[in-house]
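data.csv (CSV, C-alpha atoms)
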chain,number,residue,atom,x,y,z
A,10,MET,CA,24.4,19.1,-19.1
A,11,LYS,CA,28.2,19.5,-18.7
A,12,PHE,CA,29.9,17.7,-15.9
A,13,GLY,CA,33.6,17.8,-15.0
A,14,SER,CA,36.5,19.5,-13.3
A,15,VAL,CA,37.2,23.2,-13.7
A,16,ASP,CA,39.5,25.9,-12.3
A,17,ILE,CA,37.8,27.6,-9.3
A,18,GLN,CA,37.9,30.9,-11.1
A,19,GLN,CA,35.7,29.4,-13.8
A,20,ALA,CA,33.3,27.8,-11.4
A,21,ARG,CA,31.3,30.9,-10.5
A,22,GLY,CA,27.5,30.2,-11.1
A,23,LYS,CA,28.1,26.5,-11.7
A,24,ILE,CA,26.7,23.7,-9.5
A,25,LEU,CA,29.1,22.0,-7.1
A,26,ALA,CA,29.1,18.3,-8.0
A,27,HIS,CA,30.8,16.9,-4.9
A,28,ASN,CA,30.7,17.9,-1.2
A,29,LEU,CA,33.7,20.0,-0.2
A,30,SER,CA,35.3,20.1,3.2
A,31,ASP,CA,37.8,22.4,4.9
A,32,PRO,CA,41.3,21.2,5.9
A,33,SER,CA,40.0,19.8,9.2
A,34,GLY,CA,37.5,17.6,7.4
A,35,LYS,CA,34.4,19.6,8.2
A,36,ARG,CA,32.0,19.9,5.3
A,37,ARG,CA,31.7,23.5,4.2
A,38,ILE,CA,29.8,23.4,0.9
A,39,ARG,CA,27.2,20.8,0.1
A,40,LYS,CA,26.9,19.3,-3.4
A,41,GLY,CA,24.3,20.8,-5.5
A,42,THR,CA,25.1,24.4,-4.4
A,43,PRO,CA,25.5,27.0,-7.0
A,44,LEU,CA,28.9,28.5,-6.4
A,45,THR,CA,29.1,32.2,-5.5
A,46,ASP,CA,32.0,34.7,-5.1
A,47,GLU,CA,32.0,33.9,-1.4
A,48,HIS,CA,32.4,30.2,-2.2
A,49,ILE,CA,35.2,30.9,-4.6
A,50,ALA,CA,37.1,33.0,-2.0
A,51,MET,CA,36.6,30.2,0.6
A,52,LEU,CA,38.0,27.6,-1.8
A,53,ASP,CA,40.9,29.8,-2.6
A,54,GLU,CA,41.6,30.2,1.1
A,55,PHE,CA,41.6,26.4,1.5
A,56,GLY,CA,44.1,26.0,-1.3
A,57,ILE,CA,41.6,24.3,-3.6
A,58,THR,CA,42.3,25.1,-7.3
A,59,GLN,CA,40.0,22.6,-9.1
A,60,VAL,CA,36.4,21.6,-8.4
A,61,TYR,CA,33.9,19.2,-10.0
A,62,VAL,CA,30.9,21.1,-11.2
A,63,ALA,CA,27.7,20.6,-13.3
A,64,GLU,CA,26.5,23.2,-15.8
A,65,LEU,CA,23.0,23.0,-17.2
A,66,ASP,CA,22.3,24.0,-20.8
A,67,ASP,CA,19.1,25.4,-22.4
A,68,GLN,CA,17.7,21.9,-22.9
A,69,ASP,CA,17.9,21.0,-19.2
A,70,LEU,CA,15.4,21.5,-16.3
A,71,PRO,CA,17.0,22.0,-12.9
A,72,GLU,CA,16.3,19.1,-10.5
A,73,GLU,CA,14.1,21.3,-8.3
A,74,GLN,CA,11.8,21.9,-11.3
A,75,ALA,CA,12.0,18.5,-12.9
A,76,ALA,CA,11.0,16.6,-9.8
A,77,PRO,CA,7.6,18.4,-9.2
A,78,ALA,CA,6.9,18.3,-13.0
A,79,ILE,CA,7.1,14.5,-13.0
A,80,ALA,CA,5.3,14.2,-9.7
A,81,THR,CA,2.5,16.3,-11.0
A,82,CYS,CA,1.9,14.0,-14.0
A,83,LEU,CA,2.1,10.9,-11.9
A,84,ALA,CA,-0.4,12.0,-9.2
A,85,GLY,CA,-4.0,11.0,-9.4
A,86,GLU,CA,-6.9,11.6,-7.1
A,87,ASN,CA,-6.5,12.5,-3.4
A,88,ILE,CA,-2.8,13.3,-3.7
A,89,GLU,CA,-0.9,16.5,-2.8
A,90,LEU,CA,2.7,17.3,-3.6
A,91,GLN,CA,5.3,18.3,-1.0
A,92,GLY,CA,7.9,20.8,-2.3
A,93,ALA,CA,11.1,19.7,-4.0
A,94,VAL,CA,14.3,19.5,-1.9
A,95,THR,CA,17.5,18.5,-3.7
A,96,GLY,CA,15.6,17.1,-6.6
A,97,ARG,CA,13.0,15.2,-4.5
A,98,THR,CA,9.2,15.7,-4.5
A,99,ASN,CA,6.9,13.6,-2.3
A,100,LEU,CA,3.3,12.5,-3.0
A,101,ILE,CA,1.2,13.0,0.1
A,102,ALA,CA,-2.2,11.5,0.9
A,103,SER,CA,-4.9,14.0,1.4
A,104,CYS,CA,-7.3,11.5,3.1
A,105,LEU,CA,-7.4,8.0,4.5
A,106,GLY,CA,-7.2,5.5,1.6
A,107,ILE,CA,-5.4,2.8,-0.2
A,108,ILE,CA,-2.8,3.3,-2.8
A,109,LYS,CA,-3.2,2.1,-6.4
A,110,VAL,CA,-0.3,2.0,-8.8
A,111,ASP,CA,-0.4,1.6,-12.5
A,112,GLN,CA,2.8,-0.5,-12.4
A,113,ASP,CA,3.4,-0.8,-16.2
A,114,ARG,CA,3.4,2.9,-16.6
A,115,LEU,CA,5.4,3.5,-13.5
A,116,ASP,CA,8.0,1.1,-14.7
A,117,SER,CA,8.1,3.0,-18.0
A,118,VAL,CA,8.7,6.3,-16.1
A,119,ASN,CA,11.4,4.6,-14.0
A,120,ARG,CA,13.2,3.5,-17.2
A,121,ILE,CA,13.8,7.1,-18.1
A,122,GLN,CA,17.4,7.8,-17.3
A,123,GLY,CA,17.8,10.0,-14.3
A,124,VAL,CA,14.3,9.5,-12.9
A,125,THR,CA,13.4,7.3,-9.9
A,126,VAL,CA,10.0,6.9,-8.4
A,127,ALA,CA,9.5,4.8,-5.3
A,128,THR,CA,6.0,4.0,-3.9
A,129,LEU,CA,4.4,2.2,-1.0
A,130,PRO,CA,3.4,-1.4,-1.9
A,131,GLN,CA,0.2,-1.8,-3.9
A,132,HIS,CA,-3.0,-1.6,-1.9
A,133,ARG,CA,-1.2,-0.3,1.3
A,134,VAL,CA,-3.4,1.7,3.6
A,135,VAL,CA,-2.2,5.4,3.8
A,136,HIS,CA,-3.2,7.8,6.5
A,137,PRO,CA,-3.8,11.6,5.8
A,138,ARG,CA,-0.4,13.4,5.3
A,139,GLY,CA,1.4,10.1,4.9
A,140,ILE,CA,4.0,9.8,2.1
A,141,MET,CA,2.7,7.5,-0.7
A,142,ALA,CA,5.6,7.9,-3.1
A,143,SER,CA,8.7,9.9,-3.7
A,144,VAL,CA,10.2,11.2,-7.0
A,145,LYS,CA,13.9,11.7,-7.0
A,146,ILE,CA,15.9,13.2,-9.9
A,147,ILE,CA,19.4,11.8,-9.9
A,148,PRO,CA,21.4,14.4,-11.9
A,149,TYR,CA,21.4,18.1,-11.1
A,150,GLY,CA,19.3,18.7,-14.2
A,151,LEU,CA,17.1,16.6,-16.5
A,152,PRO,CA,16.7,17.0,-20.2
A,153,LYS,CA,13.3,18.6,-21.0
A,154,GLU,CA,12.7,15.8,-23.5
A,155,ALA,CA,12.8,13.3,-20.6
A,156,VAL,CA,10.2,15.3,-18.7
A,157,GLU,CA,8.0,15.4,-21.8
A,158,ARG,CA,8.4,11.7,-22.2
A,159,ALA,CA,7.2,11.1,-18.7
A,160,LYS,CA,4.2,13.3,-19.3
A,161,LYS,CA,3.2,11.3,-22.4
A,162,ILE,CA,3.4,8.0,-20.5
A,163,CYS,CA,1.3,9.4,-17.6
A,164,ALA,CA,-1.3,10.9,-20.0
A,165,GLN,CA,-2.4,7.4,-20.9
A,166,SER,CA,-3.5,6.7,-17.3
A,167,GLU,CA,-6.2,8.2,-15.1
A,168,GLY,CA,-3.5,8.5,-12.5
A,169,VAL,CA,-0.3,6.4,-12.4
A,170,ILE,CA,-0.4,6.7,-8.6
A,171,ARG,CA,-3.8,7.1,-7.0
A,172,LEU,CA,-5.4,7.1,-3.5
A,173,ILE,CA,-8.8,5.4,-3.3
A,174,SER,CA,-10.5,7.0,-0.3
A,175,LEU,CA,-11.8,4.9,2.5
A,176,GLU,CA,-15.3,6.2,3.4
A,177,PRO,CA,-17.0,5.2,6.6
A,178,ARG,CA,-19.0,2.0,6.2
A,179,ASP,CA,-21.0,-0.3,8.4
A,180,VAL,CA,-19.8,-3.8,8.9
A,181,SER,CA,-21.8,-6.8,10.1
A,182,LEU,CA,-20.1,-9.6,12.0
A,183,ILE,CA,-21.6,-13.1,12.2
A,184,LEU,CA,-19.9,-15.6,14.6
A,185,THR,CA,-20.5,-19.3,14.1
A,186,GLY,CA,-19.9,-22.3,16.3
A,187,ARG,CA,-21.2,-24.4,19.2
A,188,PRO,CA,-23.3,-22.3,21.7
A,189,ALA,CA,-21.0,-23.3,24.6
A,190,LEU,CA,-18.1,-21.4,22.8
A,191,ARG,CA,-20.1,-18.2,22.0
A,192,ALA,CA,-18.4,-16.1,24.7
A,193,ARG,CA,-15.0,-17.3,23.7
A,194,LEU,CA,-15.6,-16.6,20.0
A,195,GLU,CA,-16.8,-13.1,20.8
A,196,MET,CA,-13.7,-12.5,22.9
A,197,ASP,CA,-11.3,-14.0,20.3
A,198,PHE,CA,-12.6,-12.4,17.1
A,199,GLU,CA,-14.5,-9.2,17.9
A,200,PRO,CA,-11.8,-7.0,19.4
A,201,PRO,CA,-9.1,-7.6,16.8
A,202,LEU,CA,-11.5,-7.2,13.9
A,203,ALA,CA,-13.1,-4.1,15.5
A,204,GLU,CA,-9.7,-2.5,15.9
A,205,ARG,CA,-8.9,-3.2,12.2
A,206,ILE,CA,-12.2,-1.9,11.0
A,207,THR,CA,-12.0,1.3,13.2
A,208,ALA,CA,-8.5,2.0,11.9
A,209,LEU,CA,-10.0,2.0,8.4
A,210,GLY,CA,-12.6,4.6,9.3
A,211,SER,CA,-15.5,2.1,9.5
A,212,ARG,CA,-17.3,0.4,12.4
A,213,ILE,CA,-19.0,-2.9,13.4
A,214,THR,CA,-22.7,-2.1,13.7
A,215,SER,CA,-24.1,-5.6,14.2
A,216,VAL,CA,-22.8,-8.8,15.8
A,217,GLU,CA,-24.9,-12.0,15.7
A,218,PHE,CA,-24.2,-15.6,16.6
A,219,LEU,CA,-25.2,-18.7,14.6
A,220,ALA,CA,-25.2,-22.1,16.3
A,221,THR,CA,-23.6,-24.7,14.0
A,222,ASP,CA,-24.8,-27.8,15.9
A,223,SER,CA,-28.2,-27.6,14.3
A,224,ASP,CA,-29.4,-29.2,11.1
A,225,MET,CA,-30.9,-25.8,10.4
A,226,ALA,CA,-27.5,-24.1,10.4
A,227,VAL,CA,-27.4,-23.5,6.6
A,228,THR,CA,-31.0,-22.3,6.5
A,229,ASN,CA,-30.5,-20.0,9.5
A,230,LEU,CA,-27.3,-18.5,8.1
A,231,THR,CA,-29.0,-18.0,4.7
A,232,LYS,CA,-31.7,-15.9,6.4
A,233,MET,CA,-29.1,-14.0,8.4
A,234,LEU,CA,-27.1,-13.1,5.2
A,235,ARG,CA,-30.2,-12.0,3.4
A,236,ASP,CA,-31.3,-9.8,6.4
A,237,HIS,CA,-27.9,-8.2,6.7
A,238,ALA,CA,-27.7,-7.6,2.9
A,239,GLU,CA,-31.0,-5.8,3.1
A,240,GLN,CA,-29.4,-3.4,5.6
A,241,ALA,CA,-26.8,-2.6,2.9
A,242,PRO,CA,-23.7,-2.6,5.1
A,243,GLY,CA,-20.3,-2.2,3.4
A,244,LEU,CA,-19.1,-5.7,4.4
A,245,ILE,CA,-20.3,-8.9,6.1
A,246,ILE,CA,-17.7,-10.9,8.0
A,247,VAL,CA,-18.4,-14.4,9.1
A,248,ALA,CA,-15.9,-16.0,11.5
A,249,GLY,CA,-16.2,-19.0,13.7
A,250,GLU,CA,-15.0,-22.0,15.5
A,251,THR,CA,-13.8,-23.7,12.3
A,252,ALA,CA,-12.6,-22.1,9.1
A,253,ILE,CA,-14.2,-23.0,5.8
A,254,MET,CA,-12.7,-26.1,4.2
A,255,ASP,CA,-15.0,-26.8,1.2
A,256,GLU,CA,-17.6,-25.2,-1.0
A,257,ARG,CA,-20.2,-27.6,0.6
A,258,ASP,CA,-19.5,-26.1,4.0
A,259,ILE,CA,-22.1,-24.1,5.9
A,260,LEU,CA,-21.1,-20.6,4.8
A,261,PRO,CA,-20.6,-21.3,1.0
A,262,GLN,CA,-23.9,-23.1,0.9
A,263,ALA,CA,-25.7,-20.3,2.6
A,264,ILE,CA,-24.2,-17.7,0.3
A,265,LYS,CA,-25.4,-19.6,-2.7
A,266,MET,CA,-28.8,-20.3,-1.2
A,267,ALA,CA,-29.2,-16.6,-0.5
A,268,GLY,CA,-28.6,-15.9,-4.2
A,269,GLY,CA,-24.9,-15.0,-4.0
A,270,GLU,CA,-21.8,-16.5,-5.5
A,271,ILE,CA,-18.4,-17.7,-4.3
A,272,GLU,CA,-15.5,-15.7,-5.8
A,273,SER,CA,-12.7,-17.5,-4.1
A,274,LEU,CA,-12.2,-20.3,-1.6
A,275,GLY,CA,-8.6,-20.3,-0.4
A,276,ALA,CA,-5.9,-17.7,-0.8
A,277,PRO,CA,-2.1,-18.0,-1.4
A,278,VAL,CA,-1.4,-16.0,1.8
A,279,ASP,CA,-0.2,-17.6,5.0
A,280,PRO,CA,-1.5,-17.0,7.6
A,281,GLY,CA,-4.8,-16.9,5.9
A,282,ASN,CA,-5.0,-19.8,3.4
A,283,LEU,CA,-8.5,-20.6,4.4
A,284,LEU,CA,-10.1,-17.3,3.4
A,285,LEU,CA,-13.5,-17.4,1.7
A,286,LEU,CA,-14.7,-14.4,-0.4
A,287,GLY,CA,-18.2,-14.3,-1.8
A,288,TYR,CA,-20.7,-11.7,-3.0
A,289,LEU,CA,-24.4,-11.3,-2.3
A,290,SER,CA,-26.2,-8.7,-4.4
A,291,GLY,CA,-22.8,-7.0,-4.9
A,292,LEU,CA,-22.1,-7.0,-1.2
A,293,PRO,CA,-18.8,-8.7,-0.2
A,294,VAL,CA,-19.1,-11.6,2.3
A,295,LEU,CA,-15.8,-12.4,3.9
A,296,GLY,CA,-15.3,-15.8,5.5
A,297,ALA,CA,-12.5,-15.1,7.9
A,298,PRO,CA,-9.8,-17.8,8.7
A,299,GLY,CA,-8.7,-18.5,12.2
A,300,CYS,CA,-5.8,-16.1,12.0
A,301,ALA,CA,-8.3,-13.2,12.1
A,302,ARG,CA,-8.0,-13.6,15.9
A,303,SER,CA,-4.5,-12.2,15.7
A,304,ARG,CA,-3.5,-8.6,15.5
A,305,LYS,CA,-0.4,-9.5,13.5
A,306,GLU,CA,-0.5,-9.0,9.7
A,307,ASN,CA,-2.4,-11.7,7.9
A,308,VAL,CA,-4.7,-12.1,4.9
A,309,ILE,CA,-7.5,-10.0,6.5
A,310,ASP,CA,-5.2,-7.0,6.3
A,311,TRP,CA,-4.7,-7.6,2.6
A,312,VAL,CA,-8.3,-7.9,1.6
A,313,MET,CA,-10.5,-5.9,4.0
A,314,PRO,CA,-9.2,-2.4,3.1
A,315,ARG,CA,-9.8,-3.1,-0.5
A,316,LEU,CA,-13.3,-4.3,0.1
A,317,LEU,CA,-14.1,-1.4,2.3
A,318,ALA,CA,-12.8,0.9,-0.4
A,319,GLY,CA,-15.5,-0.5,-2.7
A,320,GLU,CA,-13.2,-2.7,-4.8
A,321,ARG,CA,-14.5,-6.0,-6.1
A,322,ILE,CA,-11.7,-8.5,-5.6
A,323,THR,CA,-11.7,-11.2,-8.2
A,324,ARG,CA,-10.4,-14.7,-8.1
A,325,GLU,CA,-7.5,-13.5,-10.3
A,326,ALA,CA,-6.7,-10.8,-7.8
A,327,VAL,CA,-6.6,-13.3,-5.0
A,328,ALA,CA,-4.4,-15.6,-7.0
A,329,ALA,CA,-1.9,-12.8,-7.6
A,330,MET,CA,-1.3,-12.5,-3.8
A,331,GLY,CA,1.1,-15.5,-3.7
A,332,VAL,CA,4.3,-13.6,-4.3
A,333,GLY,CA,5.0,-12.0,-0.9
A,334,GLY,CA,2.2,-13.9,0.7
A,335,LEU,CA,4.3,-15.9,3.1
A,336,LEU,CA,3.9,-13.8,6.2
A,337,GLU,CA,5.2,-14.2,9.8
A,338,ASP,CA,3.3,-17.0,11.6
A,339,VAL,CA,0.8,-16.1,14.4
A,340,LYS,CA,0.6,-17.7,17.8
A,341,GLU,CA,-3.3,-17.7,17.7
A,342,ARG,CA,-3.4,-20.5,15.2
A,343,PRO,CA,-4.1,-23.8,17.0
A,344,GLN,CA,-1.6,-25.5,14.7
A,345,ARG,CA,1.4,-23.6,13.5
A,346,ARG,CA,3.0,-23.7,10.0
A,347,GLN,CA,5.8,-26.1,11.1
A,348,VAL,CA,3.2,-28.8,11.6
A,349,GLU,CA,3.1,-30.8,8.4
A,350,GLU,CA,-0.4,-32.3,8.7
A,351,GLY,CA,-3.8,-31.3,10.0
A,352,ASP,CA,-3.6,-27.5,10.0
A,353,THR,CA,-7.3,-26.6,9.4
A,354,ASP,CA,-7.4,-23.2,10.9
A,355,GLY,CA,-5.4,-21.2,8.4
Starting from the coordinates I provided, produce the structure as structure tokens.
Amino acid sequence: MKFGSVDIQQARGKILAHNLSDPSGKRRIRKGTPLTDEHIAMLDEFGITQVYVAELDDQDLPEEQAAPAIATCLAGENIELQGAVTGRTNLIASCLGIIKVDQDRLDSVNRIQGVTVATLPQHRVVHPRGIMASVKIIPYGLPKEAVERAKKICAQSEGVIRLISLEPRDVSLILTGRPALRARLEMDFEPPLAERITALGSRITSVEFLATDSDMAVTNLTKMLRDHAEQAPGLIIVAGETAIMDERDILPQAIKMAGGEIESLGAPVDPGNLLLLGYLSGLPVLGAPGCARSRKENVIDWVMPRLLAGERITREAVAAMGVGGLLEDVKERPQRRQVEEGDTDG
């Protein structure tokens, strides 16, 4: 591509590189416009004799062709493209889901000179017709070789940018604590959790209460977990008066006694450090920390969509949440972040 200043009589058919205004300062021709005889006459009337233009050669693709070409090779399942405007093509969600990005390959595409691809954060929930990513070509044309390079990079992936659909699932909620607090726990936990789950296209289909002031608490919870697992819900959430502090606590013991395993106790996300994640016959069991009472963003919003999308979250995946995991504090925590000791309701 050629780029530079030319006499206006030589600019016909070339692409205007800079916006042009009339003597009053009003913009009359937008950059990126192919110049016509009418434009040339207008420029002559304004007394403009030289303009900066771009001229594509045979090895270049115009920006309005390069953007959708690269967007097409990036897009995986459940994604539609929104037409190119000034070298931009958006990737649009065709259903409710969570975004997955092959970051290594996306980084490789973004290292191609003249190509920029911006996406939503990894695992973000996207609603139908929401913009997931945007491809913007910087110059007015891109070498065809650059587009081919992007295609080769993307061909090594099942979709550099994908949308994992969120199908409707049933969720079981088990509340734990002293019987005297049952109504309070139901009021604190059920509405905010139900709102989150409904927004993800699923629903709470069962709510039970487990009294923890009994020496049969572990045995009773073990039976509850087995019973719910047999109903094959998409997720079991256990929330209660006190968050889980140790693998010998009631919920971890019950998961193990029911034949399950503990994947992670604790998460590098605050609010939400005291998260527990286990699995029982492949079914995720989420031990919710006290911040699940809040409607503000916390660790629940980071893990629940992925679990409802059918992803198995590993300990390694939880450990990777630390960067960016310091979120705004929530007032529902009995003891806030500023307190140095004794915060047991993360």
*Find the spatial neighbours of Glu86 in chain A, counting all atoms listed in the file, within a cut-off of 12 Å - ignore same-chain residues fewer than 6 positions away - and output them as a PyMOL selection string.*
chain A and resi 100-104+106-110+166-174
*Mind checking which residues fall within 10 Å of range 259-274 of chain A, counting all atoms listed in the file, ignoring those fewer than 5 positions away in the same chain, and posting them as a PyMOL selection string?*
chain A and resi 185+221+226-236+238+247-248+252-254+282-296+321-328
_Here is a test: counting all atoms listed in the file, which residue of A:Leu175, A:Ala329, A:Ile146, A:Ala203 is nearest to Ala76 in chain A?_
A:Ile146
_Show me, as number ranges by chain, the residues that have an atom within 8 Å of Ile309 in chain A when counting only C-alpha atoms, minus same-chain residues fewer than 6 positions from it._
A: 281, 297, 301
*asked:* List the spatial neighbours of range 187-202 of chain A as a PyMOL selection string - criterion: any atom at most 8 Å away, all atoms listed in the file, same-chain residues fewer than 4 positions off excluded.
replied: chain A and resi 206+218+220-222+248-250+301-304
*Counting all atoms listed in the file, the option among A:Val15, A:Ala155, A:Leu90, A:Ile121 closest to Asp69 in chain A*: A:Ala155
Got a minute to add N, CA, C and O atoms to range 110-128 of chain A and dump it as a PDB file, in the coordinates of the input?
ATOM      1  N   VAL A 110      -1.395   1.667  -7.887  1.00  0.00           N
ATOM      2  CA  VAL A 110      -0.300   2.000  -8.800  1.00  0.00           C
ATOM      3  C   VAL A 110      -0.469   1.340 -10.115  1.00  0.00           C
ATOM      4  O   VAL A 110      -0.674   0.121 -10.162  1.00  0.00           O
ATOM      5  N   ASP A 111      -0.401   2.104 -11.186  1.00  0.00           N
ATOM      6  CA  ASP A 111      -0.400   1.600 -12.500  1.00  0.00           C
ATOM      7  C   ASP A 111       1.090   1.146 -12.786  1.00  0.00           C
ATOM      8  O   ASP A 111       1.908   1.940 -13.244  1.00  0.00           O
ATOM      9  N   GLN A 112       1.410  -0.107 -12.447  1.00  0.00           N
ATOM     10  CA  GLN A 112       2.800  -0.500 -12.400  1.00  0.00           C
ATOM     11  C   GLN A 112       3.476  -0.472 -13.782  1.00  0.00           C
ATOM     12  O   GLN A 112       4.644  -0.096 -13.896  1.00  0.00           O
ATOM     13  N   ASP A 113       2.766  -0.856 -14.827  1.00  0.00           N
ATOM     14  CA  ASP A 113       3.400  -0.800 -16.200  1.00  0.00           C
ATOM     15  C   ASP A 113       3.843   0.552 -16.530  1.00  0.00           C
ATOM     16  O   ASP A 113       4.958   0.732 -17.036  1.00  0.00           O
ATOM     17  N   ARG A 114       3.005   1.547 -16.285  1.00  0.00           N
ATOM     18  CA  ARG A 114       3.400   2.900 -16.600  1.00  0.00           C
ATOM     19  C   ARG A 114       4.428   3.470 -15.671  1.00  0.00           C
ATOM     20  O   ARG A 114       5.314   4.240 -16.077  1.00  0.00           O
ATOM     21  N   LEU A 115       4.329   3.082 -14.399  1.00  0.00           N
ATOM     22  CA  LEU A 115       5.400   3.500 -13.500  1.00  0.00           C
ATOM     23  C   LEU A 115       6.723   2.939 -13.859  1.00  0.00           C
ATOM     24  O   LEU A 115       7.744   3.626 -13.806  1.00  0.00           O
ATOM     25  N   ASP A 116       6.736   1.669 -14.266  1.00  0.00           N
ATOM     26  CA  ASP A 116       8.000   1.100 -14.700  1.00  0.00           C
ATOM     27  C   ASP A 116       8.550   1.824 -15.927  1.00  0.00           C
ATOM     28  O   ASP A 116       9.760   2.022 -16.041  1.00  0.00           O
ATOM     29  N   SER A 117       7.663   2.253 -16.823  1.00  0.00           N
ATOM     30  CA  SER A 117       8.100   3.000 -18.000  1.00  0.00           C
ATOM     31  C   SER A 117       8.740   4.334 -17.592  1.00  0.00           C
ATOM     32  O   SER A 117       9.759   4.752 -18.153  1.00  0.00           O
ATOM     33  N   VAL A 118       8.141   5.009 -16.601  1.00  0.00           N
ATOM     34  CA  VAL A 118       8.700   6.300 -16.100  1.00  0.00           C
ATOM     35  C   VAL A 118      10.075   6.001 -15.464  1.00  0.00           C
ATOM     36  O   VAL A 118      11.042   6.742 -15.680  1.00  0.00           O
ATOM     37  N   ASN A 119      10.175   4.928 -14.697  1.00  0.00           N
ATOM     38  CA  ASN A 119      11.400   4.600 -14.000  1.00  0.00           C
ATOM     39  C   ASN A 119      12.535   4.174 -14.988  1.00  0.00           C
ATOM     40  O   ASN A 119      13.715   4.164 -14.621  1.00  0.00           O
ATOM     41  N   ARG A 120      12.158   3.825 -16.208  1.00  0.00           N
ATOM     42  CA  ARG A 120      13.200   3.500 -17.200  1.00  0.00           C
ATOM     43  C   ARG A 120      13.788   4.721 -17.859  1.00  0.00           C
ATOM     44  O   ARG A 120      14.788   4.616 -18.585  1.00  0.00           O
ATOM     45  N   ILE A 121      13.222   5.889 -17.599  1.00  0.00           N
ATOM     46  CA  ILE A 121      13.800   7.100 -18.100  1.00  0.00           C
ATOM     47  C   ILE A 121      15.067   7.433 -17.303  1.00  0.00           C
ATOM     48  O   ILE A 121      15.024   7.527 -16.072  1.00  0.00           O
ATOM     49  N   GLN A 122      16.181   7.548 -17.989  1.00  0.00           N
ATOM     50  CA  GLN A 122      17.400   7.800 -17.300  1.00  0.00           C
ATOM     51  C   GLN A 122      17.405   9.033 -16.453  1.00  0.00           C
ATOM     52  O   GLN A 122      17.014  10.107 -16.927  1.00  0.00           O
ATOM     53  N   GLY A 123      17.772   8.888 -15.182  1.00  0.00           N
ATOM     54  CA  GLY A 123      17.800  10.000 -14.300  1.00  0.00           C
ATOM     55  C   GLY A 123      16.575  10.208 -13.427  1.00  0.00           C
ATOM     56  O   GLY A 123      16.550  11.055 -12.535  1.00  0.00           O
ATOM     57  N   VAL A 124      15.533   9.406 -13.690  1.00  0.00           N
ATOM     58  CA  VAL A 124      14.300   9.500 -12.900  1.00  0.00           C
ATOM     59  C   VAL A 124      14.098   8.269 -12.069  1.00  0.00           C
ATOM     60  O   VAL A 124      14.262   7.141 -12.549  1.00  0.00           O
ATOM     61  N   THR A 125      13.776   8.470 -10.804  1.00  0.00           N
ATOM     62  CA  THR A 125      13.400   7.300  -9.900  1.00  0.00           C
ATOM     63  C   THR A 125      12.164   7.697  -9.156  1.00  0.00           C
ATOM     64  O   THR A 125      12.033   8.806  -8.633  1.00  0.00           O
ATOM     65  N   VAL A 126      11.235   6.756  -9.125  1.00  0.00           N
ATOM     66  CA  VAL A 126      10.000   6.900  -8.400  1.00  0.00           C
ATOM     67  C   VAL A 126       9.774   5.705  -7.512  1.00  0.00           C
ATOM     68  O   VAL A 126       9.674   4.588  -8.026  1.00  0.00           O
ATOM     69  N   ALA A 127       9.732   5.897  -6.210  1.00  0.00           N
ATOM     70  CA  ALA A 127       9.500   4.800  -5.300  1.00  0.00           C
ATOM     71  C   ALA A 127       8.126   5.005  -4.617  1.00  0.00           C
ATOM     72  O   ALA A 127       7.789   6.120  -4.210  1.00  0.00           O
ATOM     73  N   THR A 128       7.341   3.926  -4.512  1.00  0.00           N
ATOM     74  CA  THR A 128       6.000   4.000  -3.900  1.00  0.00           C
ATOM     75  C   THR A 128       5.871   3.018  -2.774  1.00  0.00           C
ATOM     76  O   THR A 128       6.671   2.089  -2.640  1.00  0.00           O
TER      77      THR A 128
END
